[in-house]
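Reproduced below: query_33.pdb, with PDB, N, CA and C atoms.
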ATOM      1  N   MET A  53     -10.455  64.288 -70.738  1.00  0.00           N
ATOM      2  CA  MET A  53     -10.486  64.969 -69.461  1.00  0.00           C
ATOM      3  C   MET A  53     -11.906  65.027 -68.888  1.00  0.00           C
ATOM      4  N   GLU A  54     -12.866  64.979 -69.766  1.00  0.00           N
ATOM      5  CA  GLU A  54     -14.255  64.985 -69.297  1.00  0.00           C
ATOM      6  C   GLU A  54     -14.563  63.722 -68.487  1.00  0.00           C
ATOM      7  N   LYS A  55     -13.974  62.603 -68.892  1.00  0.00           N
ATOM      8  CA  LYS A  55     -14.181  61.356 -68.152  1.00  0.00           C
ATOM      9  C   LYS A  55     -13.627  61.474 -66.728  1.00  0.00           C
ATOM     10  N   ILE A  56     -12.517  62.187 -66.581  1.00  0.00           N
ATOM     11  CA  ILE A  56     -11.934  62.384 -65.248  1.00  0.00           C
ATOM     12  C   ILE A  56     -12.883  63.217 -64.397  1.00  0.00           C
ATOM     13  N   ARG A  57     -13.423  64.282 -64.976  1.00  0.00           N
ATOM     14  CA  ARG A  57     -14.376  65.129 -64.236  1.00  0.00           C
ATOM     15  C   ARG A  57     -15.583  64.317 -63.777  1.00  0.00           C
ATOM     16  N   LEU A  58     -16.128  63.519 -64.678  1.00  0.00           N
ATOM     17  CA  LEU A  58     -17.292  62.699 -64.334  1.00  0.00           C
ATOM     18  C   LEU A  58     -16.944  61.691 -63.237  1.00  0.00           C
ATOM     19  N   TYR A  59     -15.772  61.098 -63.325  1.00  0.00           N
ATOM     20  CA  TYR A  59     -15.337  60.135 -62.309  1.00  0.00           C
ATOM     21  C   TYR A  59     -15.228  60.818 -60.945  1.00  0.00           C
ATOM     22  N   LEU A  60     -14.641  62.016 -60.910  1.00  0.00           N
ATOM     23  CA  LEU A  60     -14.475  62.730 -59.645  1.00  0.00           C
ATOM     24  C   LEU A  60     -15.803  63.255 -59.104  1.00  0.00           C
ATOM     25  N   GLN A  61     -16.740  63.562 -59.974  1.00  0.00           N
ATOM     26  CA  GLN A  61     -18.062  63.964 -59.498  1.00  0.00           C
ATOM     27  C   GLN A  61     -18.746  62.794 -58.805  1.00  0.00           C
ATOM     28  N   LYS A  62     -18.546  61.611 -59.335  1.00  0.00           N
ATOM     29  CA  LYS A  62     -19.179  60.422 -58.776  1.00  0.00           C
ATOM     30  C   LYS A  62     -18.481  59.942 -57.500  1.00  0.00           C
ATOM     31  N   HIS A  63     -17.147  59.994 -57.475  1.00  0.00           N
ATOM     32  CA  HIS A  63     -16.377  59.438 -56.367  1.00  0.00           C
ATOM     33  C   HIS A  63     -15.831  60.481 -55.391  1.00  0.00           C
ATOM     34  N   GLU A  64     -15.947  61.748 -55.701  1.00  0.00           N
ATOM     35  CA  GLU A  64     -15.471  62.869 -54.889  1.00  0.00           C
ATOM     36  C   GLU A  64     -13.952  62.954 -54.826  1.00  0.00           C
ATOM     37  N   THR A  65     -13.255  61.907 -54.359  1.00  0.00           N
ATOM     38  CA  THR A  65     -11.792  61.897 -54.391  1.00  0.00           C
ATOM     39  C   THR A  65     -11.322  60.576 -54.981  1.00  0.00           C
ATOM     40  N   ALA A  66     -10.110  60.604 -55.554  1.00  0.00           N
ATOM     41  CA  ALA A  66      -9.575  59.381 -56.147  1.00  0.00           C
ATOM     42  C   ALA A  66      -8.064  59.464 -56.233  1.00  0.00           C
ATOM     43  N   ARG A  67      -7.430  58.293 -56.131  1.00  0.00           N
ATOM     44  CA  ARG A  67      -5.984  58.212 -56.318  1.00  0.00           C
ATOM     45  C   ARG A  67      -5.687  58.137 -57.815  1.00  0.00           C
ATOM     46  N   THR A  68      -4.462  58.451 -58.163  1.00  0.00           N
ATOM     47  CA  THR A  68      -4.044  58.383 -59.562  1.00  0.00           C
ATOM     48  C   THR A  68      -4.295  56.996 -60.137  1.00  0.00           C
ATOM     49  N   SER A  69      -3.968  55.973 -59.372  1.00  0.00           N
ATOM     50  CA  SER A  69      -4.119  54.597 -59.870  1.00  0.00           C
ATOM     51  C   SER A  69      -5.577  54.240 -60.125  1.00  0.00           C
ATOM     52  N   ASP A  70      -6.489  54.766 -59.307  1.00  0.00           N
ATOM     53  CA  ASP A  70      -7.916  54.512 -59.520  1.00  0.00           C
ATOM     54  C   ASP A  70      -8.386  55.117 -60.843  1.00  0.00           C
ATOM     55  N   ILE A  71      -7.978  56.355 -61.079  1.00  0.00           N
ATOM     56  CA  ILE A  71      -8.378  57.048 -62.306  1.00  0.00           C
ATOM     57  C   ILE A  71      -7.732  56.387 -63.516  1.00  0.00           C
ATOM     58  N   ALA A  72      -6.459  56.012 -63.400  1.00  0.00           N
ATOM     59  CA  ALA A  72      -5.743  55.366 -64.499  1.00  0.00           C
ATOM     60  C   ALA A  72      -6.414  54.055 -64.880  1.00  0.00           C
ATOM     61  N   GLN A  73      -6.809  53.289 -63.894  1.00  0.00           N
ATOM     62  CA  GLN A  73      -7.478  52.011 -64.164  1.00  0.00           C
ATOM     63  C   GLN A  73      -8.810  52.247 -64.861  1.00  0.00           C
ATOM     64  N   PHE A  74      -9.552  53.257 -64.418  1.00  0.00           N
ATOM     65  CA  PHE A  74     -10.839  53.594 -65.025  1.00  0.00           C
ATOM     66  C   PHE A  74     -10.662  53.999 -66.493  1.00  0.00           C
ATOM     67  N   LEU A  75      -9.624  54.796 -66.773  1.00  0.00           N
ATOM     68  CA  LEU A  75      -9.384  55.298 -68.124  1.00  0.00           C
ATOM     69  C   LEU A  75      -8.595  54.325 -69.000  1.00  0.00           C
ATOM     70  N   GLU A  76      -8.050  53.276 -68.373  1.00  0.00           N
ATOM     71  CA  GLU A  76      -7.185  52.326 -69.064  1.00  0.00           C
ATOM     72  C   GLU A  76      -5.953  53.019 -69.646  1.00  0.00           C
ATOM     73  N   LEU A  77      -5.347  53.887 -68.821  1.00  0.00           N
ATOM     74  CA  LEU A  77      -4.115  54.586 -69.171  1.00  0.00           C
ATOM     75  C   LEU A  77      -3.060  54.264 -68.126  1.00  0.00           C
ATOM     76  N   SER A  78      -1.808  54.622 -68.422  1.00  0.00           N
ATOM     77  CA  SER A  78      -0.751  54.447 -67.428  1.00  0.00           C
ATOM     78  C   SER A  78      -0.908  55.511 -66.340  1.00  0.00           C
ATOM     79  N   THR A  79      -0.326  55.253 -65.190  1.00  0.00           N
ATOM     80  CA  THR A  79      -0.405  56.240 -64.107  1.00  0.00           C
ATOM     81  C   THR A  79       0.355  57.505 -64.485  1.00  0.00           C
ATOM     82  N   ALA A  80       1.455  57.367 -65.230  1.00  0.00           N
ATOM     83  CA  ALA A  80       2.230  58.542 -65.642  1.00  0.00           C
ATOM     84  C   ALA A  80       1.395  59.449 -66.552  1.00  0.00           C
ATOM     85  N   ARG A  81       0.712  58.863 -67.514  1.00  0.00           N
ATOM     86  CA  ARG A  81      -0.125  59.653 -68.433  1.00  0.00           C
ATOM     87  C   ARG A  81      -1.295  60.280 -67.681  1.00  0.00           C
ATOM     88  N   THR A  82      -1.863  59.537 -66.755  1.00  0.00           N
ATOM     89  CA  THR A  82      -2.976  60.050 -65.963  1.00  0.00           C
ATOM     90  C   THR A  82      -2.519  61.239 -65.127  1.00  0.00           C
ATOM     91  N   ARG A  83      -1.337  61.132 -64.503  1.00  0.00           N
ATOM     92  CA  ARG A  83      -0.795  62.247 -63.718  1.00  0.00           C
ATOM     93  C   ARG A  83      -0.595  63.488 -64.586  1.00  0.00           C
ATOM     94  N   ALA A  84      -0.109  63.279 -65.802  1.00  0.00           N
ATOM     95  CA  ALA A  84       0.103  64.401 -66.727  1.00  0.00           C
ATOM     96  C   ALA A  84      -1.225  65.087 -67.053  1.00  0.00           C
ATOM     97  N   LEU A  85      -2.255  64.297 -67.319  1.00  0.00           N
ATOM     98  CA  LEU A  85      -3.572  64.868 -67.606  1.00  0.00           C
ATOM     99  C   LEU A  85      -4.114  65.635 -66.403  1.00  0.00           C
ATOM    100  N   LEU A  86      -3.972  65.046 -65.212  1.00  0.00           N
ATOM    101  CA  LEU A  86      -4.475  65.700 -63.998  1.00  0.00           C
ATOM    102  C   LEU A  86      -3.767  67.028 -63.745  1.00  0.00           C
ATOM    103  N   SER A  87      -2.469  67.085 -64.023  1.00  0.00           N
ATOM    104  CA  SER A  87      -1.729  68.321 -63.782  1.00  0.00           C
ATOM    105  C   SER A  87      -2.135  69.436 -64.741  1.00  0.00           C
ATOM    106  N   GLU A  88      -2.667  69.077 -65.906  1.00  0.00           N
ATOM    107  CA  GLU A  88      -3.125  70.066 -66.889  1.00  0.00           C
ATOM    108  C   GLU A  88      -4.513  70.614 -66.566  1.00  0.00           C
ATOM    109  N   MET A  89      -5.250  69.923 -65.739  1.00  0.00           N
ATOM    110  CA  MET A  89      -6.632  70.301 -65.456  1.00  0.00           C
ATOM    111  C   MET A  89      -6.684  71.349 -64.341  1.00  0.00           C
ATOM    112  N   GLU A  90      -7.196  72.524 -64.684  1.00  0.00           N
ATOM    113  CA  GLU A  90      -7.256  73.620 -63.718  1.00  0.00           C
ATOM    114  C   GLU A  90      -8.364  73.436 -62.681  1.00  0.00           C
ATOM    115  N   ASP A  91      -9.353  72.616 -62.987  1.00  0.00           N
ATOM    116  CA  ASP A  91     -10.477  72.441 -62.054  1.00  0.00           C
ATOM    117  C   ASP A  91     -10.292  71.228 -61.142  1.00  0.00           C
ATOM    118  N   VAL A  92      -9.100  70.622 -61.165  1.00  0.00           N
ATOM    119  CA  VAL A  92      -8.794  69.480 -60.299  1.00  0.00           C
ATOM    120  C   VAL A  92      -7.627  69.858 -59.401  1.00  0.00           C
ATOM    121  N   GLU A  93      -7.752  69.541 -58.117  1.00  0.00           N
ATOM    122  CA  GLU A  93      -6.665  69.841 -57.190  1.00  0.00           C
ATOM    123  C   GLU A  93      -6.158  68.567 -56.527  1.00  0.00           C
ATOM    124  N   ALA A  94      -4.862  68.584 -56.224  1.00  0.00           N
ATOM    125  CA  ALA A  94      -4.227  67.467 -55.534  1.00  0.00           C
ATOM    126  C   ALA A  94      -4.206  67.781 -54.042  1.00  0.00           C
ATOM    127  N   VAL A  95      -4.538  66.778 -53.239  1.00  0.00           N
ATOM    128  CA  VAL A  95      -4.536  66.928 -51.783  1.00  0.00           C
ATOM    129  C   VAL A  95      -3.633  65.836 -51.220  1.00  0.00           C
ATOM    130  N   GLY A  96      -2.675  66.235 -50.397  1.00  0.00           N
ATOM    131  CA  GLY A  96      -1.758  65.267 -49.809  1.00  0.00           C
ATOM    132  C   GLY A  96      -0.442  65.235 -50.556  1.00  0.00           C
ATOM    133  N   THR A  97       0.445  64.397 -50.074  1.00  0.00           N
ATOM    134  CA  THR A  97       1.762  64.296 -50.690  1.00  0.00           C
ATOM    135  C   THR A  97       2.053  62.856 -51.084  1.00  0.00           C
ATOM    136  N   ASN A  98       2.678  62.707 -52.213  1.00  0.00           N
ATOM    137  CA  ASN A  98       3.123  61.420 -52.748  1.00  0.00           C
ATOM    138  C   ASN A  98       2.194  60.247 -52.466  1.00  0.00           C
ATOM    139  N   ARG A  99       2.470  59.411 -51.495  1.00  0.00           N
ATOM    140  CA  ARG A  99       1.691  58.187 -51.278  1.00  0.00           C
ATOM    141  C   ARG A  99       0.251  58.449 -50.846  1.00  0.00           C
ATOM    142  N   THR A 100       0.019  59.564 -50.197  1.00  0.00           N
ATOM    143  CA  THR A 100      -1.337  59.848 -49.697  1.00  0.00           C
ATOM    144  C   THR A 100      -2.099  60.813 -50.595  1.00  0.00           C
ATOM    145  N   ARG A 101      -1.550  61.152 -51.759  1.00  0.00           N
ATOM    146  CA  ARG A 101      -2.174  62.137 -52.646  1.00  0.00           C
ATOM    147  C   ARG A 101      -3.464  61.606 -53.243  1.00  0.00           C
ATOM    148  N   VAL A 102      -4.495  62.423 -53.173  1.00  0.00           N
ATOM    149  CA  VAL A 102      -5.754  62.154 -53.868  1.00  0.00           C
ATOM    150  C   VAL A 102      -6.127  63.391 -54.654  1.00  0.00           C
ATOM    151  N   TYR A 103      -6.957  63.223 -55.626  1.00  0.00           N
ATOM    152  CA  TYR A 103      -7.407  64.327 -56.476  1.00  0.00           C
ATOM    153  C   TYR A 103      -8.894  64.540 -56.261  1.00  0.00           C
ATOM    154  N   ARG A 104      -9.304  65.786 -56.349  1.00  0.00           N
ATOM    155  CA  ARG A 104     -10.720  66.146 -56.249  1.00  0.00           C
ATOM    156  C   ARG A 104     -10.968  67.383 -57.081  1.00  0.00           C
ATOM    157  N   LEU A 105     -12.235  67.609 -57.378  1.00  0.00           N
ATOM    158  CA  LEU A 105     -12.610  68.819 -58.110  1.00  0.00           C
ATOM    159  C   LEU A 105     -12.513  70.014 -57.180  1.00  0.00           C
ATOM    160  N   ARG A 106     -12.025  71.120 -57.719  1.00  0.00           N
ATOM    161  CA  ARG A 106     -11.951  72.348 -56.909  1.00  0.00           C
ATOM    162  C   ARG A 106     -13.347  72.801 -56.556  1.00  0.00           C
ATOM    163  N   ARG A 107     -13.479  73.366 -55.387  1.00  0.00           N
ATOM    164  CA  ARG A 107     -14.791  73.848 -54.936  1.00  0.00           C
ATOM    165  C   ARG A 107     -14.952  75.307 -55.202  1.00  0.00           C
TER     166      ARG A 107
END

Rewritten as structure tokens:
Amino acid sequence: MEKIRLYLQKHETARTSDIAQFLELSTARTRALLSEMEDVEAVGTNRTRVYRLRR
């Protein structure tokens, strides 16, 4: 999860597929990890959803 935080600090926002590719994980597993992280928020719905660190 620390890698996700570092990625979002560098890129500010990212799609699930971007993070999954960076971590070399499936998008489903990446989504599960993102949903467990309290300091990450989802913005948008389905196709337009991006993740960012909470402010």

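If you look at atom CA of Arg67 of chain A and atom CA of Glu93 of chain A, they are 11.7 Å away from each other.
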
| task | Go ahead and find all residues with at least one atom no further than 10 Å from (-13.9, 63.7, -63.4) in the file's coordinates, using only C-alpha atoms; report them as a list in words. | result | Met53, Glu54, Lys55, Ile56, Arg57, Leu58, Tyr59, Leu60, Gln61, Lys62, His63, Glu64, Thr65, Ala66, Ile71, Leu86, Asp91, Val92, Tyr103, Arg104 and Leu105 of chain A

Could those residues be written to a file, using N, CA and C atoms, as a PDB file, keeping the file's coordinate frame?
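For reference, part39.pdb as written:
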ATOM      1  N   MET A  53     -10.455  64.288 -70.738  1.00  0.00           N
ATOM      2  CA  MET A  53     -10.486  64.969 -69.461  1.00  0.00           C
ATOM      3  C   MET A  53     -11.906  65.027 -68.888  1.00  0.00           C
ATOM      4  N   GLU A  54     -12.866  64.979 -69.766  1.00  0.00           N
ATOM      5  CA  GLU A  54     -14.255  64.985 -69.297  1.00  0.00           C
ATOM      6  C   GLU A  54     -14.563  63.722 -68.487  1.00  0.00           C
ATOM      7  N   LYS A  55     -13.974  62.603 -68.892  1.00  0.00           N
ATOM      8  CA  LYS A  55     -14.181  61.356 -68.152  1.00  0.00           C
ATOM      9  C   LYS A  55     -13.627  61.474 -66.728  1.00  0.00           C
ATOM     10  N   ILE A  56     -12.517  62.187 -66.581  1.00  0.00           N
ATOM     11  CA  ILE A  56     -11.934  62.384 -65.248  1.00  0.00           C
ATOM     12  C   ILE A  56     -12.883  63.217 -64.397  1.00  0.00           C
ATOM     13  N   ARG A  57     -13.423  64.282 -64.976  1.00  0.00           N
ATOM     14  CA  ARG A  57     -14.376  65.129 -64.236  1.00  0.00           C
ATOM     15  C   ARG A  57     -15.583  64.317 -63.777  1.00  0.00           C
ATOM     16  N   LEU A  58     -16.128  63.519 -64.678  1.00  0.00           N
ATOM     17  CA  LEU A  58     -17.292  62.699 -64.334  1.00  0.00           C
ATOM     18  C   LEU A  58     -16.944  61.691 -63.237  1.00  0.00           C
ATOM     19  N   TYR A  59     -15.772  61.098 -63.325  1.00  0.00           N
ATOM     20  CA  TYR A  59     -15.337  60.135 -62.309  1.00  0.00           C
ATOM     21  C   TYR A  59     -15.228  60.818 -60.945  1.00  0.00           C
ATOM     22  N   LEU A  60     -14.641  62.016 -60.910  1.00  0.00           N
ATOM     23  CA  LEU A  60     -14.475  62.730 -59.645  1.00  0.00           C
ATOM     24  C   LEU A  60     -15.803  63.255 -59.104  1.00  0.00           C
ATOM     25  N   GLN A  61     -16.740  63.562 -59.974  1.00  0.00           N
ATOM     26  CA  GLN A  61     -18.062  63.964 -59.498  1.00  0.00           C
ATOM     27  C   GLN A  61     -18.746  62.794 -58.805  1.00  0.00           C
ATOM     28  N   LYS A  62     -18.546  61.611 -59.335  1.00  0.00           N
ATOM     29  CA  LYS A  62     -19.179  60.422 -58.776  1.00  0.00           C
ATOM     30  C   LYS A  62     -18.481  59.942 -57.500  1.00  0.00           C
ATOM     31  N   HIS A  63     -17.147  59.994 -57.475  1.00  0.00           N
ATOM     32  CA  HIS A  63     -16.377  59.438 -56.367  1.00  0.00           C
ATOM     33  C   HIS A  63     -15.831  60.481 -55.391  1.00  0.00           C
ATOM     34  N   GLU A  64     -15.947  61.748 -55.701  1.00  0.00           N
ATOM     35  CA  GLU A  64     -15.471  62.869 -54.889  1.00  0.00           C
ATOM     36  C   GLU A  64     -13.952  62.954 -54.826  1.00  0.00           C
ATOM     37  N   THR A  65     -13.255  61.907 -54.359  1.00  0.00           N
ATOM     38  CA  THR A  65     -11.792  61.897 -54.391  1.00  0.00           C
ATOM     39  C   THR A  65     -11.322  60.576 -54.981  1.00  0.00           C
ATOM     40  N   ALA A  66     -10.110  60.604 -55.554  1.00  0.00           N
ATOM     41  CA  ALA A  66      -9.575  59.381 -56.147  1.00  0.00           C
ATOM     42  C   ALA A  66      -8.064  59.464 -56.233  1.00  0.00           C
ATOM     43  N   ILE A  71      -7.978  56.355 -61.079  1.00  0.00           N
ATOM     44  CA  ILE A  71      -8.378  57.048 -62.306  1.00  0.00           C
ATOM     45  C   ILE A  71      -7.732  56.387 -63.516  1.00  0.00           C
ATOM     46  N   LEU A  86      -3.972  65.046 -65.212  1.00  0.00           N
ATOM     47  CA  LEU A  86      -4.475  65.700 -63.998  1.00  0.00           C
ATOM     48  C   LEU A  86      -3.767  67.028 -63.745  1.00  0.00           C
ATOM     49  N   ASP A  91      -9.353  72.616 -62.987  1.00  0.00           N
ATOM     50  CA  ASP A  91     -10.477  72.441 -62.054  1.00  0.00           C
ATOM     51  C   ASP A  91     -10.292  71.228 -61.142  1.00  0.00           C
ATOM     52  N   VAL A  92      -9.100  70.622 -61.165  1.00  0.00           N
ATOM     53  CA  VAL A  92      -8.794  69.480 -60.299  1.00  0.00           C
ATOM     54  C   VAL A  92      -7.627  69.858 -59.401  1.00  0.00           C
ATOM     55  N   TYR A 103      -6.957  63.223 -55.626  1.00  0.00           N
ATOM     56  CA  TYR A 103      -7.407  64.327 -56.476  1.00  0.00           C
ATOM     57  C   TYR A 103      -8.894  64.540 -56.261  1.00  0.00           C
ATOM     58  N   ARG A 104      -9.304  65.786 -56.349  1.00  0.00           N
ATOM     59  CA  ARG A 104     -10.720  66.146 -56.249  1.00  0.00           C
ATOM     60  C   ARG A 104     -10.968  67.383 -57.081  1.00  0.00           C
ATOM     61  N   LEU A 105     -12.235  67.609 -57.378  1.00  0.00           N
ATOM     62  CA  LEU A 105     -12.610  68.819 -58.110  1.00  0.00           C
ATOM     63  C   LEU A 105     -12.513  70.014 -57.180  1.00  0.00           C
TER      64      LEU A 105
END

| In chain A, what's strand (DSSP E or B) per DSSP? Answer as a ChimeraX atom specification? | /A:65-66,92-95,102-105

| said: Between atom C of Leu75 of chain A and atom C of Arg101 of chain A, what is the distance in Å, rounded to a tenth? | reply: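 Separation of atom C of Leu75 of chain A and atom C of Arg101 of chain A: 18.1 Å.
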
| field | Which of segment 55-105 of chain A DSSP labels alpha helix (DSSP H), written as a count of residues only | value | 27

8 Å per side around segment 54-61 of chain A: axis-aligned box centre and edge lengths, as JSON:
{"center_x": -15.3, "center_y": 62.6, "center_z": -64.3, "size_x": 22.8, "size_y": 21.0, "size_z": 27.0}

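Around Thr79 of chain A, within 12 Å and counting only C-alpha atoms, the residues found are Arg67, Thr68, Ser69, Asp70, Ile71, Ala72, Gln73, Phe74, Ala84, Leu85 and Leu86 of chain A, once anything fewer than 5 positions away on its own chain is removed.
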
| request: Kindly give the distance, in Å, that separates atom N of Glu76 of chain A and atom C of Val95 of chain A, rounded to a single decimal. | output: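 These two atoms are separated by 21.7 Å.
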